[in-house]
Structures are given as C-alpha cells and as structure tokens.
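Student: The structure follows.
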Amino acid sequence: MSKQQEQEIAKRRTFGIISHPDAGKTTLTEKLLLYGGAINMAGAVKSRKADRHATSDWMAIEQERGISVTTSVMKFTYGNYEVNLLDTPGHQDFSEDTYRVLTAVDSAIMVIDSAKGVEAQTEKLMEVCRMRNTPLITFINKLDREGMEPLDILADIENKLQIECTPMSWPIGMGKTFKGVYNIYKKQIHLFTAGQGNRDQNGITIESLDDPRLDEIIGSHDAQNLRDDIELLEGAANPFEYDHYLSASQTPVFFGSAVNNFGVQELLNAFVEMAPPPNVRAAASRDVSPFEEDFSGFVFKIQANMDPAHRDRIAFFRICSGKFVRGMKVKHHRLGKDITLSNATIFMAQDRANVEEAWPGDIIGLHNHGTIKIGDTFTQKELLKFTGIPNFAPEHFRRIILKNPLKMKQLQKGLQQLAEEGAIQVFRPQIGASYIMGAVGVLQFEVTVARLKNEYGVEALYEPIDFQAARWVECADKKKLAEFEQKNQGALATDAEGFLTYLAQNEWMLNFFMEKWPEVKFHKTRENV
Ligand code: GDP
C-alpha cells in the first residue's frame, strides 16, 4: 500500500443522514454543503425533497434528472477532509432504496426534531443502521422552537432506539428563550442569534462553569440552570467513549437549529474528527481492508434516465479498497468476465465531473448498459463478492395488466430493467402467464406504471391481488423441495433473478406454512449472488 493511499483513506468520511420527514434533513444538508463551499446547492437540495409529496411531484422531480443525480451523492472538501454525503430518499415508500444506500456509508448523522423526539421513520432507519453497527452522531434540531426537555429527548432516544446517549453540548433555554449551547468538552459557550446565514460562530471559552463571566454572558438565571443541568449530567449521563461510538452502542448528541445555521459547524467539526474513515468490508470469502492495493467495490444503487436523451442508467459504486484509475480493467464477479471502467463519473456537490482517480470511501458513477445490477462486485484481481446488500421481501402486491397484448416484449424488458434498478420487484407465478409486482412502499407501483409508459411505451394497469407477504424459499433437501413445489404451485413464483418465492395471503398463512414445512427455509431478505 502506498503512503498516498493511506493518507487518502484517512481523510475520507462517507456518511448518510437519517431522519423522519420534516425533522430538518434537507436544511441540515444544505448547511453542511455551505461549509463545503458548495453554496449553490440550496435550491437543488430543496427541489429534491419534493420526492416525498404527491407522485406527480415526484415524477416531475425525477424528470429533472440532473438535480436528482447530483444530490444522490454529494462530495465536498472540508478542511483536510474529503466528505461524501449520500442522500437517502425522503419518502418512506422508497425505504428499500434507503436501506441499500446505508450499506455504502461508514457512519450516519441522525436528525431529531426537538419537539417530536424519536419518530417512526427514524426507528425504522435505526434498525437498518443497527444491522451493520453503523456509528451514529445525533443532532437535535429546532431548538429555536419550544420542544421537549433535553433530558426527555435523550431518554426517548435511549428507550426507543436502544442506544446510549452522551451529550457533547447542552442547550441553554429553548424556543423564545433559547440562548445557545454550551460545548461540554470544549467548555465553550456558543451564543445563538436567529437567522444567521453566515459561516462562523466562534465560541466563548470559559474556564469553568463557576466562572462569573457565565452570568454576564447568559444571565444568572440561565447560568444557574446550566450549572444544575451539567451537574446532573455528570452524575447521570454516560461519558463519551470513542469505542462505544464506533461500535454503535453510544451516540454523541449535539443540539442546534439547522435553519438558523446554529450548531451546524460544531456538528461538522465533530463529525470529521470522530467519524470513522473507510473500514474493513465483508466479502463472502473474506474481509477486505481498504488499505489493500487491489481495487474493489460494489454497486448499491442504480438510477435510470439521468440523461433522458440517452436513456442511460448509472450504477453507483462504492470503492472499498485500492485505487480507481480511469480506464482500468476489472473483474465482474457475477458475470465472471472482465470489463473496462472507462467512463466513471464522480459526484461533486455542484456538478458531475469525470474521475481520473478515486479512493476507498468514494462513490463513482458508472455507465450501465445492462451489465450491472445492485450488489455487483468489481475487483482488480481476486474474484470477490461483497455481502450485505439485500433485497427486502415486499409487503404490497399488485398484478400488472397489459392494455395491448402485443407489447408483451416491451413489458418484459421494462419490468426486468426496473427490477434490476430495485425500483420494483417482479414475480412470475408458477401457474398462469401474468406478472406480479411486489413493493415495500405502494408509491412504487404508480412510479413503475408511469415509467413503463414513459420509458418503454407500455400502457399497463395494475389490480389488487390477494397476497400480503413474500418469502424466498430454500431447502437443502432437494426431494423435499420438489414435494413442496409440487404441492404448493399456486402460491409459488420466481423473482426477476429466478429465485423461488412463496407468496402468502396473510401472516397467518405464512406462519402456518413455516410450521408445516420445517425443512424449508423462508427468507425475508435475499442477496444477489
Ligand atoms: P426534511 O424533511 O427532514 O428534509 O426537513 P426540512 O429540512 O425540509 O425541514 C422541514 C421544515 O422544518 C422546513 O420548513 C424547515 O424550514 C424547518 N426547519 C428546519 N430546521 C429548523 C430549525 O432549526 N428551526 C425551525 N424552527 N425550523 C426548522
């Protein structure tokens, strides 16, 4: 490994932001980009967020291709650090996409609305982070509004998310009486001024909380409250332990107000210092260190139609080890052949640029002409397959109906490609000639039908179908499997990759089947091989 590789890895921070809609993710993203010098982003990030409103809005936004792409991955430089911020779709119906994006990050920032505490979507996303023990920094937002008591918020996080909180800063008042925050570790007071759009807020350092200057700065009432709070925290709160943060059993907590750009730089400074650089990644045969000389990485997202004129599809690829050089030849694990990575794109905060070289932690965009799927691994020498990029069992099902039967070929192609992108899951029942769509969120159906029409010229409808759960089926005993298949044809289908899937009318049936066929394994997730 070269010295340069070591240095490049040390300065990379690749992360995502998780939150419930409206907690302030978009606002925080904008402010973070501001510090990264990408000042023109504000508008672009805002337009992107329309994705969680009506489908029509979502489609319109997706059609403004450039925007959705540049904001899918935002790369910026901050001090000595190279930061990659991966955007996750805001709408919960696209949570599957979000799950996969989170497989490509090394850490995350969780935004919580101080008035609402932990909300449903945060809980779901936290489950995903927990699957990979993703280190998490928490930002409690909207302190300029009346909210829950800070201690109650921490208790809420600890109870609902089962992660220990360790406050790094502490708010002084809230809402109308919000005066600022006290940085517990740096012993600095940061005074709040509303509507501050500028960059720097230098803290006022005080020797200790007994310093009488504190009373002058924030008034004796608040000063006393702060002293009491901190004393209480010292007794009750867990001290910050770096290892616990890294293993995701503890989350450092910051308070602020994103819209007022308050506490954001403090958060960013702490983030780049604390958040882990690219680490070891698990492949099927062994763990891969970022410091290895040979290049490797995996595809976690495919996005279509970024350029409507070319109908292209871009595969988002996370580099796990070695160095990417334009034009390099790599092994495509699934296809078992070599391909040349000639036209890679890197996503800077403002626009796309051609990449000449990139390092572990970086995300590059590869033009995909149908040879790349989610989960694909490319390596320089050794054939490897990174694991942990799953398909999730769909929870909603519809039968797709073609208006013009002569368009069957186009429908098949469209469904195949949309399935490869992870936009929808497609099942072929063992009996009959229809296609069943499966989704984690129902909005996916509308988007699929709209895209079939726009991109493949296929007019299709969908109708309800009596399924509520799906499981991928596996059985080591081939005879038993054949018996299972033969007896349950009506409930079996194959997915777009040809994997056998059991479709259940309801949870009760599913459980009944699982008990009845103990030799058969029913999987809730499946990984491409
Ligand atoms: P997202 O859905 O998580 O991306 O949330 P947004 O960033 O769009 O924020 C949702 C709403 O909360 C918007 O109207 C923001 O202007 C507002 N907001 C964001 N941060 C703050 C804050 O610190 N204080 C207040 N009062 N409002 C905020």
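Starting from 1 in every chain, residues are counted up; chains themselves are A, B, ... following the order of the structure tokens, and ligands are numbered from 1 as listed.
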Can you work out which residues are within 7 Å of ligand 1, considering only C-alpha atoms and all ligand atoms, and then hand them over as JSON, numbers by chain?
Tutor: {"A": [19, 20, 21, 22, 23, 24, 25, 26, 27, 28, 49, 90, 141, 142, 143, 144, 145, 256, 257, 258, 259, 260]}
Student: Generate a file of the selected residues that holds N, CA and C atoms, formatted as a PDB file, in the first residue's frame.
Tutor:
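Contents of out-v4.pdb, freshly written:
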ATOM      1  N   SER A  19     -33.436  10.481   9.201  1.00  0.00           N
ATOM      2  CA  SER A  19     -34.382  11.256   9.999  1.00  0.00           C
ATOM      3  C   SER A  19     -35.793  10.943   9.549  1.00  0.00           C
ATOM      4  N   HIS A  20     -36.734  11.358  10.328  1.00  0.00           N
ATOM      5  CA  HIS A  20     -38.136  11.294   9.937  1.00  0.00           C
ATOM      6  C   HIS A  20     -38.405  12.534   9.082  1.00  0.00           C
ATOM      7  N   PRO A  21     -39.292  12.440   8.073  1.00  0.00           N
ATOM      8  CA  PRO A  21     -39.573  13.631   7.267  1.00  0.00           C
ATOM      9  C   PRO A  21     -39.913  14.847   8.133  1.00  0.00           C
ATOM     10  N   ASP A  22     -39.388  15.992   7.723  1.00  0.00           N
ATOM     11  CA  ASP A  22     -39.630  17.280   8.381  1.00  0.00           C
ATOM     12  C   ASP A  22     -38.744  17.560   9.587  1.00  0.00           C
ATOM     13  N   ALA A  23     -37.896  16.627   9.934  1.00  0.00           N
ATOM     14  CA  ALA A  23     -37.031  16.880  11.093  1.00  0.00           C
ATOM     15  C   ALA A  23     -35.950  17.901  10.751  1.00  0.00           C
ATOM     16  N   GLY A  24     -35.651  18.015   9.441  1.00  0.00           N
ATOM     17  CA  GLY A  24     -34.668  19.025   9.049  1.00  0.00           C
ATOM     18  C   GLY A  24     -33.475  18.485   8.269  1.00  0.00           C
ATOM     19  N   LYS A  25     -33.634  17.302   7.680  1.00  0.00           N
ATOM     20  CA  LYS A  25     -32.519  16.698   6.937  1.00  0.00           C
ATOM     21  C   LYS A  25     -32.078  17.570   5.763  1.00  0.00           C
ATOM     22  N   THR A  26     -33.046  18.052   4.993  1.00  0.00           N
ATOM     23  CA  THR A  26     -32.703  18.862   3.818  1.00  0.00           C
ATOM     24  C   THR A  26     -31.999  20.150   4.241  1.00  0.00           C
ATOM     25  N   THR A  27     -32.537  20.778   5.261  1.00  0.00           N
ATOM     26  CA  THR A  27     -31.942  22.021   5.744  1.00  0.00           C
ATOM     27  C   THR A  27     -30.522  21.772   6.229  1.00  0.00           C
ATOM     28  N   LEU A  28     -30.351  20.725   6.995  1.00  0.00           N
ATOM     29  CA  LEU A  28     -29.010  20.419   7.502  1.00  0.00           C
ATOM     30  C   LEU A  28     -28.053  20.111   6.346  1.00  0.00           C
ATOM     31  N   LYS A  49     -36.415  17.416  -2.468  1.00  0.00           N
ATOM     32  CA  LYS A  49     -37.226  16.871  -1.395  1.00  0.00           C
ATOM     33  C   LYS A  49     -38.700  16.741  -1.736  1.00  0.00           C
ATOM     34  N   GLY A  90     -36.474  10.675   0.813  1.00  0.00           N
ATOM     35  CA  GLY A  90     -37.224  11.072   1.998  1.00  0.00           C
ATOM     36  C   GLY A  90     -38.500  10.266   2.187  1.00  0.00           C
ATOM     37  N   ASN A 141     -32.531  18.984  16.541  1.00  0.00           N
ATOM     38  CA  ASN A 141     -32.763  20.192  15.752  1.00  0.00           C
ATOM     39  C   ASN A 141     -33.950  21.019  16.277  1.00  0.00           C
ATOM     40  N   LYS A 142     -34.020  22.227  15.802  1.00  0.00           N
ATOM     41  CA  LYS A 142     -35.139  23.161  16.051  1.00  0.00           C
ATOM     42  C   LYS A 142     -35.203  23.647  17.497  1.00  0.00           C
ATOM     43  N   LEU A 143     -34.032  23.864  18.088  1.00  0.00           N
ATOM     44  CA  LEU A 143     -34.003  24.372  19.453  1.00  0.00           C
ATOM     45  C   LEU A 143     -34.581  25.786  19.561  1.00  0.00           C
ATOM     46  N   ASP A 144     -34.739  26.453  18.413  1.00  0.00           N
ATOM     47  CA  ASP A 144     -35.324  27.790  18.427  1.00  0.00           C
ATOM     48  C   ASP A 144     -36.834  27.715  18.639  1.00  0.00           C
ATOM     49  N   ARG A 145     -37.378  26.502  18.683  1.00  0.00           N
ATOM     50  CA  ARG A 145     -38.806  26.325  18.956  1.00  0.00           C
ATOM     51  C   ARG A 145     -38.978  25.669  20.308  1.00  0.00           C
ATOM     52  N   GLY A 256     -28.936  22.044  18.259  1.00  0.00           N
ATOM     53  CA  GLY A 256     -28.798  23.224  17.418  1.00  0.00           C
ATOM     54  C   GLY A 256     -30.059  23.561  16.661  1.00  0.00           C
ATOM     55  N   SER A 257     -29.889  24.410  15.674  1.00  0.00           N
ATOM     56  CA  SER A 257     -31.009  24.810  14.837  1.00  0.00           C
ATOM     57  C   SER A 257     -30.490  24.939  13.409  1.00  0.00           C
ATOM     58  N   ALA A 258     -30.839  23.954  12.594  1.00  0.00           N
ATOM     59  CA  ALA A 258     -30.277  23.897  11.241  1.00  0.00           C
ATOM     60  C   ALA A 258     -30.658  25.129  10.431  1.00  0.00           C
ATOM     61  N   VAL A 259     -31.921  25.528  10.523  1.00  0.00           N
ATOM     62  CA  VAL A 259     -32.374  26.622   9.673  1.00  0.00           C
ATOM     63  C   VAL A 259     -31.651  27.925  10.036  1.00  0.00           C
ATOM     64  N   ASN A 260     -31.250  28.031  11.266  1.00  0.00           N
ATOM     65  CA  ASN A 260     -30.504  29.225  11.687  1.00  0.00           C
ATOM     66  C   ASN A 260     -28.989  29.013  11.586  1.00  0.00           C
TER      67      ASN A 260
END
Student: From a backbone DSSP assignment, name each residue in stretch 48-264 of chain A labelled strand (DSSP E or B), as number ranges by chain.
Tutor: A: 73-78, 81-86, 107-113, 117, 136-141, 164-167, 169-172, 180-183, 188-191, 204-205, 250-255, 257, 262
Student: Go through A:Leu503, A:Ala283, A:Val253, A:Met110 one by one, measure the shortest atom-to-atom distance of each to A:Leu383 using only C-alpha atoms, and give the residue with the smallest value.
Tutor: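 Of A:Leu503, A:Ala283, A:Val253, A:Met110, the one nearest A:Leu383, counting only C-alpha atoms, is A:Ala283.
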Student: Determine, using only C-alpha atoms, which residues of stretch 225-297 of chain A have any atom at most 9 Å from an atom of stretch 174-192 of chain A, and tabulate each with its shortest atom pair and distance in Å to one decimal place, rows ordered by chain and then rising number, as JSON lines.
Tutor:
{"residue": "A:Leu226", "atom": "CA", "partner": "A:Tyr182", "partner_atom": "CA", "distance": 8.4}
{"residue": "A:Ile230", "atom": "CA", "partner": "A:Ile184", "partner_atom": "CA", "distance": 8.3}
{"residue": "A:Phe254", "atom": "CA", "partner": "A:Asn183", "partner_atom": "CA", "distance": 8.8}
{"residue": "A:Phe255", "atom": "CA", "partner": "A:Val181", "partner_atom": "CA", "distance": 7.1}
{"residue": "A:Gly256", "atom": "CA", "partner": "A:Val181", "partner_atom": "CA", "distance": 7.6}
{"residue": "A:Asn260", "atom": "CA", "partner": "A:Phe192", "partner_atom": "CA", "distance": 8.8}
{"residue": "A:Phe262", "atom": "CA", "partner": "A:Phe192", "partner_atom": "CA", "distance": 6.9}
{"residue": "A:Gly263", "atom": "CA", "partner": "A:Val181", "partner_atom": "CA", "distance": 7.9}
{"residue": "A:Glu266", "atom": "CA", "partner": "A:Asn183", "partner_atom": "CA", "distance": 8.9}
Student: Please write the residues from the selection above to a file, keeping C-alpha atoms, as a PDB file, in the first residue's frame.
Tutor:
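Result file follows (again.pdb):
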ATOM      1  CA  LEU A 226     -26.919  25.339  33.113  1.00  0.00           C
ATOM      2  CA  ILE A 230     -24.395  19.901  33.825  1.00  0.00           C
ATOM      3  CA  PHE A 254     -25.414  17.807  19.673  1.00  0.00           C
ATOM      4  CA  PHE A 255     -28.108  20.455  19.899  1.00  0.00           C
ATOM      5  CA  GLY A 256     -28.798  23.224  17.418  1.00  0.00           C
ATOM      6  CA  ASN A 260     -30.504  29.225  11.687  1.00  0.00           C
ATOM      7  CA  PHE A 262     -26.643  27.213  14.565  1.00  0.00           C
ATOM      8  CA  GLY A 263     -24.625  24.314  15.903  1.00  0.00           C
ATOM      9  CA  GLU A 266     -19.822  22.420  15.586  1.00  0.00           C
TER      10      GLU A 266
END
Student: Could you check which of A:Asp211, A:Leu161, A:Ile363, A:Lys124 is closest to A:Val73, using only C-alpha atoms?
Tutor: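 Ranked by minimum distance to A:Val73, first place goes to A:Ile363.
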Student: Hey, can you check how far atom CA of A:Arg471 sits from atom CA of A:Val449?
Tutor: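 According to the coordinates, atom CA of A:Arg471 and atom CA of A:Val449 are separated by 24.1 Å.
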Student: May I have the residues within 7 Å of stretch 291-295 of chain A as a ChimeraX atom specification, using only C-alpha atoms and disregarding those fewer than 2 positions away in the same chain?
Tutor: /A:1,6,289,321-324,379-381
Student: Mind dumping the selected residues with N, CA and C atoms as an mmCIF file, in the first residue's frame?
Tutor:
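Done, and the output landed in selection-v9.cif:
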data_model
loop_
_atom_site.group_PDB
_atom_site.id
_atom_site.type_symbol
_atom_site.label_atom_id
_atom_site.label_comp_id
_atom_site.auth_asym_id
_atom_site.auth_seq_id
_atom_site.Cartn_x
_atom_site.Cartn_y
_atom_site.Cartn_z
ATOM 1 N N MET A 1 0.835 -1.193 0.000
ATOM 2 C CA MET A 1 0.000 0.000 0.000
ATOM 3 C C MET A 1 0.881 1.259 0.000
ATOM 4 N N GLU A 6 -2.797 5.527 2.052
ATOM 5 C CA GLU A 6 -3.035 5.627 3.492
ATOM 6 C C GLU A 6 -3.616 7.006 3.837
ATOM 7 N N SER A 289 -9.743 -5.176 3.437
ATOM 8 C CA SER A 289 -9.302 -3.929 4.065
ATOM 9 C C SER A 289 -9.176 -2.840 3.003
ATOM 10 N N SER A 321 -11.573 -0.797 -1.608
ATOM 11 C CA SER A 321 -10.123 -0.915 -1.415
ATOM 12 C C SER A 321 -9.393 -0.468 -2.668
ATOM 13 N N GLY A 322 -8.089 -0.234 -2.501
ATOM 14 C CA GLY A 322 -7.234 0.089 -3.641
ATOM 15 C C GLY A 322 -7.511 1.462 -4.220
ATOM 16 N N LYS A 323 -7.155 1.606 -5.477
ATOM 17 C CA LYS A 323 -7.281 2.910 -6.125
ATOM 18 C C LYS A 323 -7.979 2.728 -7.457
ATOM 19 N N PHE A 324 -8.938 3.615 -7.705
ATOM 20 C CA PHE A 324 -9.594 3.589 -9.009
ATOM 21 C C PHE A 324 -8.841 4.499 -9.964
ATOM 22 N N THR A 379 -13.634 -6.219 -8.969
ATOM 23 C CA THR A 379 -12.323 -6.275 -8.313
ATOM 24 C C THR A 379 -11.217 -6.296 -9.359
ATOM 25 N N GLN A 380 -10.036 -5.961 -8.873
ATOM 26 C CA GLN A 380 -8.921 -5.888 -9.816
ATOM 27 C C GLN A 380 -8.366 -7.275 -10.152
ATOM 28 N N LYS A 381 -8.183 -8.114 -9.119
ATOM 29 C CA LYS A 381 -7.573 -9.425 -9.384
ATOM 30 C C LYS A 381 -8.450 -10.562 -8.875
#
Student: Please provide the set of residues having any atom within 10 Å of A:Glu273, restricted to only C-alpha atoms, with same-chain residues fewer than 4 positions apart removed, written as a list in words.
Tutor: Lys11, Arg13, Tyr81, Leu267, Leu268, Asn269 and Pro277 of chain A
Student: Please, could you write that set of residues out with N, CA and C atoms as a PDB file, in the first residue's frame?
Tutor:
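See again-v7.pdb below for the written result:
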ATOM      1  N   LYS A  11      -8.429  10.604   5.237  1.00  0.00           N
ATOM      2  CA  LYS A  11      -9.218  11.844   5.189  1.00  0.00           C
ATOM      3  C   LYS A  11     -10.622  11.661   4.626  1.00  0.00           C
ATOM      4  N   ARG A  13     -14.545  10.629   4.644  1.00  0.00           N
ATOM      5  CA  ARG A  13     -15.694  10.409   5.527  1.00  0.00           C
ATOM      6  C   ARG A  13     -16.913  10.210   4.636  1.00  0.00           C
ATOM      7  N   TYR A  81     -10.462  17.204   4.988  1.00  0.00           N
ATOM      8  CA  TYR A  81     -11.281  16.006   4.785  1.00  0.00           C
ATOM      9  C   TYR A  81     -12.009  16.005   3.444  1.00  0.00           C
ATOM     10  N   LEU A 267     -21.193  20.630  14.748  1.00  0.00           N
ATOM     11  CA  LEU A 267     -21.517  19.243  14.408  1.00  0.00           C
ATOM     12  C   LEU A 267     -20.560  18.718  13.339  1.00  0.00           C
ATOM     13  N   LEU A 268     -20.343  19.534  12.318  1.00  0.00           N
ATOM     14  CA  LEU A 268     -19.474  19.116  11.214  1.00  0.00           C
ATOM     15  C   LEU A 268     -18.038  18.908  11.700  1.00  0.00           C
ATOM     16  N   ASN A 269     -17.566  19.825  12.541  1.00  0.00           N
ATOM     17  CA  ASN A 269     -16.208  19.673  13.081  1.00  0.00           C
ATOM     18  C   ASN A 269     -16.073  18.374  13.855  1.00  0.00           C
ATOM     19  N   PRO A 277     -13.063   6.658   9.201  1.00  0.00           N
ATOM     20  CA  PRO A 277     -12.738   6.582   7.770  1.00  0.00           C
ATOM     21  C   PRO A 277     -13.179   5.214   7.244  1.00  0.00           C
TER      22      PRO A 277
END
Student: Could you list, as an MDAnalysis selection string, every residue within 10 Å of A:Glu149, counting only C-alpha atoms and ignoring same-chain residues fewer than 5 positions away?
Tutor: chainID A and resid 114:115 117 154:155 171 173:174
Student: Using C-alpha atoms, can you export the residues from the last selection as a compact mmCIF listing (two decimals), in the first residue's frame?
Tutor:
# COMPACT_ATOMS: atom_id res chain seq x y z
CA SER A 114 -36.69 18.55 19.43
CA ALA A 115 -40.46 18.91 19.65
CA GLY A 117 -38.46 13.22 19.69
CA LEU A 154 -32.28 11.74 25.45
CA ALA A 155 -34.44 9.32 27.41
CA PRO A 171 -28.81 23.78 25.24
CA GLY A 173 -33.06 27.54 27.22
CA MET A 174 -35.24 26.78 24.23
Student: DSSP on the backbone, helix (DSSP H, G or I) only: what residues of stretch 354-466 of chain A does that give? Format it as a count of residues only.
Tutor: 31
Student: Nearest residue to A:Leu492 out of A:Leu102, A:Ile465, A:Leu136, A:Ile431, using only C-alpha atoms?
Tutor: A:Ile431
Student: Fewer than 2 positions away in the same chain doesn't count, so skip those; otherwise give me all residues within 7 Å of A:Phe15, counting only C-alpha atoms, as a VMD selection string.
Tutor: chain A and resid 13 17 84 to 86 105 to 108
Student: Output the selection as a compact mmCIF listing (two decimals), in the first residue's frame - N, CA and C atoms for each residue.
Tutor:
# COMPACT_ATOMS: atom_id res chain seq x y z
N ARG A 13 -14.55 10.63 4.64
CA ARG A 13 -15.69 10.41 5.53
C ARG A 13 -16.91 10.21 4.64
N ILE A 17 -27.54 10.82 6.12
CA ILE A 17 -28.31 11.43 7.20
C ILE A 17 -29.63 10.68 7.32
N ASN A 84 -18.07 12.51 1.61
CA ASN A 84 -19.09 12.02 0.68
C ASN A 84 -20.40 11.89 1.44
N LEU A 85 -21.37 12.70 1.06
CA LEU A 85 -22.68 12.62 1.72
C LEU A 85 -23.64 11.92 0.77
N LEU A 86 -24.18 10.80 1.20
CA LEU A 86 -25.10 10.03 0.36
C LEU A 86 -26.52 10.36 0.74
N VAL A 105 -22.38 3.50 3.42
CA VAL A 105 -21.80 4.54 4.27
C VAL A 105 -20.94 3.92 5.38
N ASP A 106 -20.09 4.75 5.96
CA ASP A 106 -19.28 4.30 7.09
C ASP A 106 -19.85 4.80 8.41
N SER A 107 -20.68 5.83 8.32
CA SER A 107 -21.33 6.32 9.54
C SER A 107 -22.54 7.15 9.14
N ALA A 108 -23.30 7.60 10.13
CA ALA A 108 -24.50 8.38 9.82
C ALA A 108 -24.70 9.48 10.85
Student: Would you mind listing what lies within 10 Å of A:Thr387 as a list in words, with only C-alpha atoms counted and same-chain residues fewer than 2 positions away left out?
Tutor: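 Close residues of A:Thr387: Thr103, Arg281, Ala282, Ala283, Ala284, Ser285, Phe298, Gly375, Asp376, Thr377, Leu384, Lys385, Ile389, Pro390, Glu527, Asn528 and Val529 of chain A.
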